[in-house]
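A short worksheet on the structure shown next.
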Amino acid sequence: MASHLSVILDLNAHQWTQLSTEELSLANALPHLLVFLHAHIAAAAENTLAVYTAGSEGVTELAYDSLSNDVELPGALDGNKYPPFRRLDVSLTDAIQAAMDRLVDEDEDMNGTVGTSSDPHATSFTSALTRSLCYINRLQSPSSRILLLSVSPDRAQDYVPFMNAIFSAQKLKVPIDTLQLAAHDSVFLQQATYLTGGAYVRLGDESGEGKRGGLLQYLMMCFLPPPALRQVMAVPTMDQVNLRAACFCHKRMTEIGFVCSVCLSIFCSPVPVCTTCKTRFPMKTLQRLTASRMPSATTTPVQSPAPSPAPTPTRSTAPPPAAAAPPGRQTSRGAAYPFRGRGRGGGASHSNGLPNSNSIGQNGSSR
């Protein structure tokens, strides 16, 4: 069965520089990635592959397309190497080198500028994810998936378009897998993996003792099998998923927010007018929401006294025994048990005037 794989490679130079100081660099990770891509191509002749590169400025390039034969191989053909493998190696290596050179030129041009709107420490995956979804939709492959190799934190400015891309992947039934090489988790990528039914693996560790040495093993065992085979394999799953959202007003992650009832926009504080759909909210509603956010300083919690222990029943506190009933009268418990003569309530006295066993209480005293 033919399977398509779209790989999105994070080329954030700042984050890769931090990883290179530990135990993994881009130059060391590239051979592992190439072996994994070779295995996908060699698994079936009908398998297709597309590799995209994503940068901090949102620039996305199609580094390799298995359906295109426009790549010019330098030098003579090597009879000992599979031509698609060599075409993939040359295309991906040249694309990464060109992207790194472009980033160096941009850093030199931005040197001395102040107030840049973009975050150089985060990568925008929205453009690459959208292009890969368009490629999959045009390909119409029954078994397609997307793999994101990330080394960057989340970028709150891309929350809305990124979530739209996730919903598109969910509609197309395309699982999104994530391999996080950094020591921190990505909230957006966790949500993308959770909503589309993919696999999320984080190799980095905050203590510095990560699992980056087994990069090839994780790629081959967790992300090489297609979705049809994952039902019979032990694919890693997430124990906890962070489902926090980013507010539309400040583009910050928020745990408790206010949602517009018309367009479902999220705000970290009550606003009189929705910035998305321009809906005006009643003043009483705003006052009520604002009052609910303000902590009450006058009311202090009153601690209830500790409950006193229940008294232990003893024989000294038991009620005195009831007197014997006079002749002609019965000592039955008719108030509680209206049935007389049999059962629990039919307690007629014996001929000697003493109460029978049914009228004896739990503490051993007669009633």
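Please note that chains go A, B, ... in the order of the structure tokens, that every chain numbers its residues from 1, and that ligands are numbered from 1 in the order shown.
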
When you look at region 255-258 of chain A with a cut-off of 6 Å (counting only C-alpha atoms), what residues show up, excluding the ones that are within fewer than 5 positions of it in the same chain? I need them as a short mmCIF file (atom, residue, chain, number, x, y, z; two decimals) with N, CA, C and O atoms, in the first residue's frame.
```
data_model
loop_
_atom_site.label_atom_id
_atom_site.label_comp_id
_atom_site.auth_asym_id
_atom_site.auth_seq_id
_atom_site.Cartn_x
_atom_site.Cartn_y
_atom_site.Cartn_z
N ARG A 244 -3.94 24.54 26.76
CA ARG A 244 -4.08 25.98 26.92
C ARG A 244 -4.15 26.68 25.56
O ARG A 244 -3.61 26.19 24.57
N ILE A 266 -10.82 34.44 21.97
CA ILE A 266 -10.41 34.28 23.36
C ILE A 266 -9.67 35.54 23.80
O ILE A 266 -8.77 36.03 23.08
N PHE A 267 -10.03 36.06 24.97
CA PHE A 267 -9.39 37.24 25.54
C PHE A 267 -9.01 36.94 26.98
O PHE A 267 -9.72 36.22 27.68
N CYS A 268 -7.90 37.51 27.40
CA CYS A 268 -7.43 37.28 28.77
C CYS A 268 -8.16 38.15 29.79
O CYS A 268 -8.06 37.89 30.99
#
```

For this session: Please identify all polymer residues within 6 Å of Tyr52 (chain A), counting only C-alpha atoms, omitting same-chain residues fewer than 2 positions from it, and present them as a list in words.
Result: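 Near neighbours after the sequence-gap exclusion: Ile8, Glu61, Leu62 and Ala63 of chain A.
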
For this session: Can you pull out every residue within 8 Å of Tyr159 (chain A), counting only C-alpha atoms, but drop anything in the same chain fewer than 4 positions away, and send it as number ranges by chain?
Result: A: 155, 163, 188, 245-246, 251

Exercise. Any idea what the distance is between CA of Pro227 (chain A) and CA of Ala2 (chain A)?
Worked result: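 Here the two named atoms are 11.6 Å from each other.
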
Exercise. Excluding same-chain residues fewer than 6 positions from Tyr82 (chain A), what lies within 12 Å of it counting only C-alpha atoms, as a PyMOL selection string?
Worked result: chain A and resi 38-39+41-42+88-89

Neighbouring residues of Gln97 (chain A) were defined as those with any atom within 12 Å, considering only C-alpha atoms; residues of the same chain fewer than 5 positions away were excluded. Please report them as an mmCIF file with all heavy atoms, in the first residue's frame.
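Produced file part34.cif, reproduced below:
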```cif
data_model
loop_
_atom_site.group_PDB
_atom_site.id
_atom_site.type_symbol
_atom_site.label_atom_id
_atom_site.label_comp_id
_atom_site.auth_asym_id
_atom_site.auth_seq_id
_atom_site.Cartn_x
_atom_site.Cartn_y
_atom_site.Cartn_z
ATOM 1 N N LEU A 11 14.720 24.715 11.065
ATOM 2 C CA LEU A 11 16.082 25.217 10.820
ATOM 3 C C LEU A 11 16.327 26.517 11.574
ATOM 4 O O LEU A 11 16.891 27.466 11.033
ATOM 5 C CB LEU A 11 16.299 25.430 9.314
ATOM 6 C CG LEU A 11 16.326 24.179 8.444
ATOM 7 C CD1 LEU A 11 16.624 24.537 6.999
ATOM 8 C CD2 LEU A 11 17.344 23.178 8.964
ATOM 9 N N ALA A 13 18.410 28.621 13.588
ATOM 10 C CA ALA A 13 19.851 28.600 13.848
ATOM 11 C C ALA A 13 20.162 28.803 15.330
ATOM 12 O O ALA A 13 21.101 28.200 15.864
ATOM 13 C CB ALA A 13 20.541 29.669 13.005
ATOM 14 N N LEU A 26 23.101 20.033 14.207
ATOM 15 C CA LEU A 26 22.431 19.796 12.936
ATOM 16 C C LEU A 26 23.261 18.890 12.034
ATOM 17 O O LEU A 26 22.724 18.038 11.313
ATOM 18 C CB LEU A 26 22.144 21.132 12.249
ATOM 19 C CG LEU A 26 21.412 21.069 10.908
ATOM 20 C CD1 LEU A 26 20.070 20.380 11.060
ATOM 21 C CD2 LEU A 26 21.232 22.469 10.332
ATOM 22 N N ALA A 27 24.573 19.046 12.084
ATOM 23 C CA ALA A 27 25.437 18.198 11.266
ATOM 24 C C ALA A 27 25.400 16.739 11.725
ATOM 25 O O ALA A 27 25.507 15.822 10.904
ATOM 26 C CB ALA A 27 26.878 18.721 11.314
ATOM 27 N N LEU A 30 21.627 15.272 10.804
ATOM 28 C CA LEU A 30 21.278 15.098 9.396
ATOM 29 C C LEU A 30 21.509 13.676 8.881
ATOM 30 O O LEU A 30 20.648 13.137 8.167
ATOM 31 C CB LEU A 30 22.050 16.120 8.549
ATOM 32 C CG LEU A 30 21.706 16.145 7.060
ATOM 33 C CD1 LEU A 30 20.226 16.415 6.856
ATOM 34 C CD2 LEU A 30 22.556 17.189 6.331
ATOM 35 N N THR A 53 11.490 22.836 4.739
ATOM 36 C CA THR A 53 12.314 23.504 5.748
ATOM 37 C C THR A 53 11.561 24.734 6.241
ATOM 38 O O THR A 53 10.953 25.460 5.455
ATOM 39 C CB THR A 53 13.670 23.912 5.173
ATOM 40 O OG1 THR A 53 13.479 24.788 4.053
ATOM 41 C CG2 THR A 53 14.452 22.691 4.737
ATOM 42 N N ALA A 63 12.314 21.385 0.033
ATOM 43 C CA ALA A 63 13.683 20.912 -0.164
ATOM 44 C C ALA A 63 13.748 19.691 -1.070
ATOM 45 O O ALA A 63 14.704 19.533 -1.835
ATOM 46 C CB ALA A 63 14.332 20.595 1.185
ATOM 47 N N VAL A 90 21.450 15.010 -2.070
ATOM 48 C CA VAL A 90 21.919 16.259 -2.687
ATOM 49 C C VAL A 90 20.906 17.379 -2.493
ATOM 50 O O VAL A 90 21.255 18.511 -2.136
ATOM 51 C CB VAL A 90 22.226 16.022 -4.177
ATOM 52 C CG1 VAL A 90 22.541 17.346 -4.871
ATOM 53 C CG2 VAL A 90 23.386 15.051 -4.340
ATOM 54 N N SER A 91 19.628 17.084 -2.676
ATOM 55 C CA SER A 91 18.595 18.117 -2.569
ATOM 56 C C SER A 91 18.486 18.644 -1.146
ATOM 57 O O SER A 91 18.437 19.859 -0.916
ATOM 58 C CB SER A 91 17.253 17.558 -3.032
ATOM 59 O OG SER A 91 17.315 17.093 -4.363
ATOM 60 N N LEU A 92 18.431 17.753 -0.171
ATOM 61 C CA LEU A 92 18.259 18.185 1.210
ATOM 62 C C LEU A 92 19.500 18.909 1.724
ATOM 63 O O LEU A 92 19.387 19.927 2.432
ATOM 64 C CB LEU A 92 17.942 16.978 2.085
ATOM 65 C CG LEU A 92 17.554 17.281 3.536
ATOM 66 C CD1 LEU A 92 16.375 18.227 3.592
ATOM 67 C CD2 LEU A 92 17.254 15.987 4.282
ATOM 68 N N ARG A 102 21.182 32.029 4.065
ATOM 69 C CA ARG A 102 20.207 33.115 4.072
ATOM 70 C C ARG A 102 20.000 33.658 5.480
ATOM 71 O O ARG A 102 19.865 34.874 5.681
ATOM 72 C CB ARG A 102 18.884 32.617 3.497
ATOM 73 C CG ARG A 102 17.826 33.706 3.386
ATOM 74 C CD ARG A 102 16.544 33.195 2.763
ATOM 75 N NE ARG A 102 15.902 32.170 3.566
ATOM 76 C CZ ARG A 102 15.896 30.885 3.264
ATOM 77 N NH1 ARG A 102 16.487 30.443 2.156
ATOM 78 N NH2 ARG A 102 15.305 30.000 4.047
ATOM 79 N N LEU A 103 19.987 32.771 6.487
ATOM 80 C CA LEU A 103 19.836 33.228 7.859
ATOM 81 C C LEU A 103 21.031 34.058 8.312
ATOM 82 O O LEU A 103 20.874 35.043 9.049
ATOM 83 C CB LEU A 103 19.649 32.028 8.790
ATOM 84 C CG LEU A 103 18.331 31.253 8.652
ATOM 85 C CD1 LEU A 103 18.328 30.036 9.571
ATOM 86 C CD2 LEU A 103 17.142 32.147 8.954
ATOM 87 N N VAL A 104 22.213 33.674 7.868
ATOM 88 C CA VAL A 104 23.400 34.459 8.226
ATOM 89 C C VAL A 104 23.327 35.847 7.605
ATOM 90 O O VAL A 104 23.641 36.860 8.252
ATOM 91 C CB VAL A 104 24.673 33.714 7.784
ATOM 92 C CG1 VAL A 104 25.896 34.606 7.941
ATOM 93 C CG2 VAL A 104 24.843 32.434 8.600
#
```

Exercise. Please, what distance in Å, to one decimal, runs between CA of Thr279 (chain A) and CA of Cys260 (chain A)?
Worked result: 8.4 Å

For this session: Would you list the contacts of region 170-172 of chain A as a list in words, taking every protein, DNA or RNA residue within 8 Å and counting only C-alpha atoms, but skipping same-chain residues closer than 3 positions in sequence?
Result: Asn137, Ile166, Phe167, Pro175, Leu195 and Thr196 of chain A

Problem set entry | helix (DSSP H, G or I) per DSSP on the backbone: members of region 159-253 of chain A, as a VMD selection string | chain A and resid 159 to 172 187 to 196 212 to 223 230 to 232

Residues from the last selection, C-alpha atoms, saved as a PDB file, in the first residue's frame:
```pdb
ATOM      1  CA  TYR A 159      -1.942  30.345  17.359  1.00  0.00           C
ATOM      2  CA  VAL A 160      -4.997  31.085  15.184  1.00  0.00           C
ATOM      3  CA  PRO A 161      -3.543  30.083  11.779  1.00  0.00           C
ATOM      4  CA  PHE A 162      -1.801  27.084  13.310  1.00  0.00           C
ATOM      5  CA  MET A 163      -5.045  25.832  14.856  1.00  0.00           C
ATOM      6  CA  ASN A 164      -6.817  26.316  11.520  1.00  0.00           C
ATOM      7  CA  ALA A 165      -4.173  24.132   9.888  1.00  0.00           C
ATOM      8  CA  ILE A 166      -4.672  21.511  12.600  1.00  0.00           C
ATOM      9  CA  PHE A 167      -8.413  21.444  11.977  1.00  0.00           C
ATOM     10  CA  SER A 168      -7.752  21.042   8.259  1.00  0.00           C
ATOM     11  CA  ALA A 169      -5.479  18.083   8.948  1.00  0.00           C
ATOM     12  CA  GLN A 170      -8.125  16.625  11.228  1.00  0.00           C
ATOM     13  CA  LYS A 171     -10.717  16.924   8.455  1.00  0.00           C
ATOM     14  CA  LEU A 172      -8.377  15.285   5.944  1.00  0.00           C
ATOM     15  CA  VAL A 187       1.967  23.221  23.617  1.00  0.00           C
ATOM     16  CA  PHE A 188       0.902  23.813  20.008  1.00  0.00           C
ATOM     17  CA  LEU A 189       2.537  20.641  18.731  1.00  0.00           C
ATOM     18  CA  GLN A 190       1.068  18.630  21.603  1.00  0.00           C
ATOM     19  CA  GLN A 191      -2.392  19.839  20.632  1.00  0.00           C
ATOM     20  CA  ALA A 192      -1.718  19.086  16.962  1.00  0.00           C
ATOM     21  CA  THR A 193      -0.640  15.547  17.786  1.00  0.00           C
ATOM     22  CA  TYR A 194      -3.528  14.972  20.168  1.00  0.00           C
ATOM     23  CA  LEU A 195      -6.242  16.276  17.825  1.00  0.00           C
ATOM     24  CA  THR A 196      -5.009  14.400  14.753  1.00  0.00           C
ATOM     25  CA  ARG A 212      19.151  12.435  21.688  1.00  0.00           C
ATOM     26  CA  GLY A 213      21.749   9.717  21.234  1.00  0.00           C
ATOM     27  CA  GLY A 214      18.984   7.365  20.097  1.00  0.00           C
ATOM     28  CA  LEU A 215      17.602   9.702  17.426  1.00  0.00           C
ATOM     29  CA  LEU A 216      17.739   7.119  14.636  1.00  0.00           C
ATOM     30  CA  GLN A 217      16.142   4.441  16.813  1.00  0.00           C
ATOM     31  CA  TYR A 218      13.189   6.671  17.685  1.00  0.00           C
ATOM     32  CA  LEU A 219      12.752   7.698  14.059  1.00  0.00           C
ATOM     33  CA  MET A 220      12.735   4.115  12.822  1.00  0.00           C
ATOM     34  CA  MET A 221      10.568   2.560  15.544  1.00  0.00           C
ATOM     35  CA  CYS A 222       8.071   5.339  16.245  1.00  0.00           C
ATOM     36  CA  PHE A 223       7.618   7.275  13.005  1.00  0.00           C
ATOM     37  CA  ARG A 230       0.322   1.567  14.260  1.00  0.00           C
ATOM     38  CA  GLN A 231      -2.815  -0.154  15.460  1.00  0.00           C
ATOM     39  CA  VAL A 232      -0.813  -3.316  16.152  1.00  0.00           C
TER      40      VAL A 232
END
```

For this session: Per DSSP on the backbone, filter region 83-224 of chain A down to the residues in strand (DSSP E) and report them as a list in words.
Result: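 Strand (DSSP E) assignments inside region 83-224 of chain A correspond to Ser144, Arg145, Ile146, Leu147, Leu148, Leu149, Ser150, Ile176, Asp177, Thr178, Leu179, Gln180, Tyr200, Val201 and Arg202 of chain A.
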
May I have the selected residues written with N, CA and C atoms, as a CSV table (one decimal), in the first residue's frame?
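Full text of selection17.csv as output:
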```csv
chain,number,residue,atom,x,y,z
A,144,SER,N,-1.5,9.1,4.4
A,144,SER,CA,-0.5,10.2,4.4
A,144,SER,C,-0.4,10.6,5.9
A,145,ARG,N,0.8,11.2,6.1
A,145,ARG,CA,1.1,11.7,7.5
A,145,ARG,C,2.1,12.8,7.4
A,146,ILE,N,2.3,13.5,8.5
A,146,ILE,CA,3.2,14.7,8.5
A,146,ILE,C,4.1,14.5,9.8
A,147,LEU,N,5.4,14.7,9.6
A,147,LEU,CA,6.3,14.6,10.7
A,147,LEU,C,7.0,15.9,10.9
A,148,LEU,N,6.9,16.5,12.1
A,148,LEU,CA,7.6,17.7,12.4
A,148,LEU,C,8.8,17.5,13.3
A,149,LEU,N,9.9,17.9,12.9
A,149,LEU,CA,11.1,17.8,13.8
A,149,LEU,C,11.4,19.3,14.3
A,150,SER,N,11.1,19.5,15.6
A,150,SER,CA,11.2,20.8,16.1
A,150,SER,C,12.3,20.9,17.2
A,176,ILE,N,-0.5,14.1,12.5
A,176,ILE,CA,0.7,14.9,12.6
A,176,ILE,C,1.5,14.3,13.8
A,177,ASP,N,2.7,13.9,13.4
A,177,ASP,CA,3.7,13.3,14.4
A,177,ASP,C,4.7,14.4,14.7
A,178,THR,N,5.2,14.4,15.9
A,178,THR,CA,6.1,15.4,16.4
A,178,THR,C,7.3,14.8,17.1
A,179,LEU,N,8.5,15.2,16.7
A,179,LEU,CA,9.7,14.8,17.4
A,179,LEU,C,10.3,16.0,18.0
A,180,GLN,N,10.2,16.3,19.3
A,180,GLN,CA,10.8,17.5,19.9
A,180,GLN,C,12.2,17.2,20.4
A,200,TYR,N,3.7,11.8,19.7
A,200,TYR,CA,4.6,12.9,20.2
A,200,TYR,C,5.7,12.3,21.1
A,201,VAL,N,6.9,12.6,20.7
A,201,VAL,CA,8.1,12.1,21.4
A,201,VAL,C,9.0,13.3,21.7
A,202,ARG,N,9.4,13.5,22.9
A,202,ARG,CA,10.4,14.5,23.3
A,202,ARG,C,11.7,13.8,23.7
```

Problem set entry | From A:Ile136, A:Met253, A:Leu286, A:Cys263, residue lying nearest Ala156 (chain A) [only C-alpha atoms] |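 Of A:Ile136, A:Met253, A:Leu286, A:Cys263, the one nearest Ala156 (chain A), counting only C-alpha atoms, is A:Met253.
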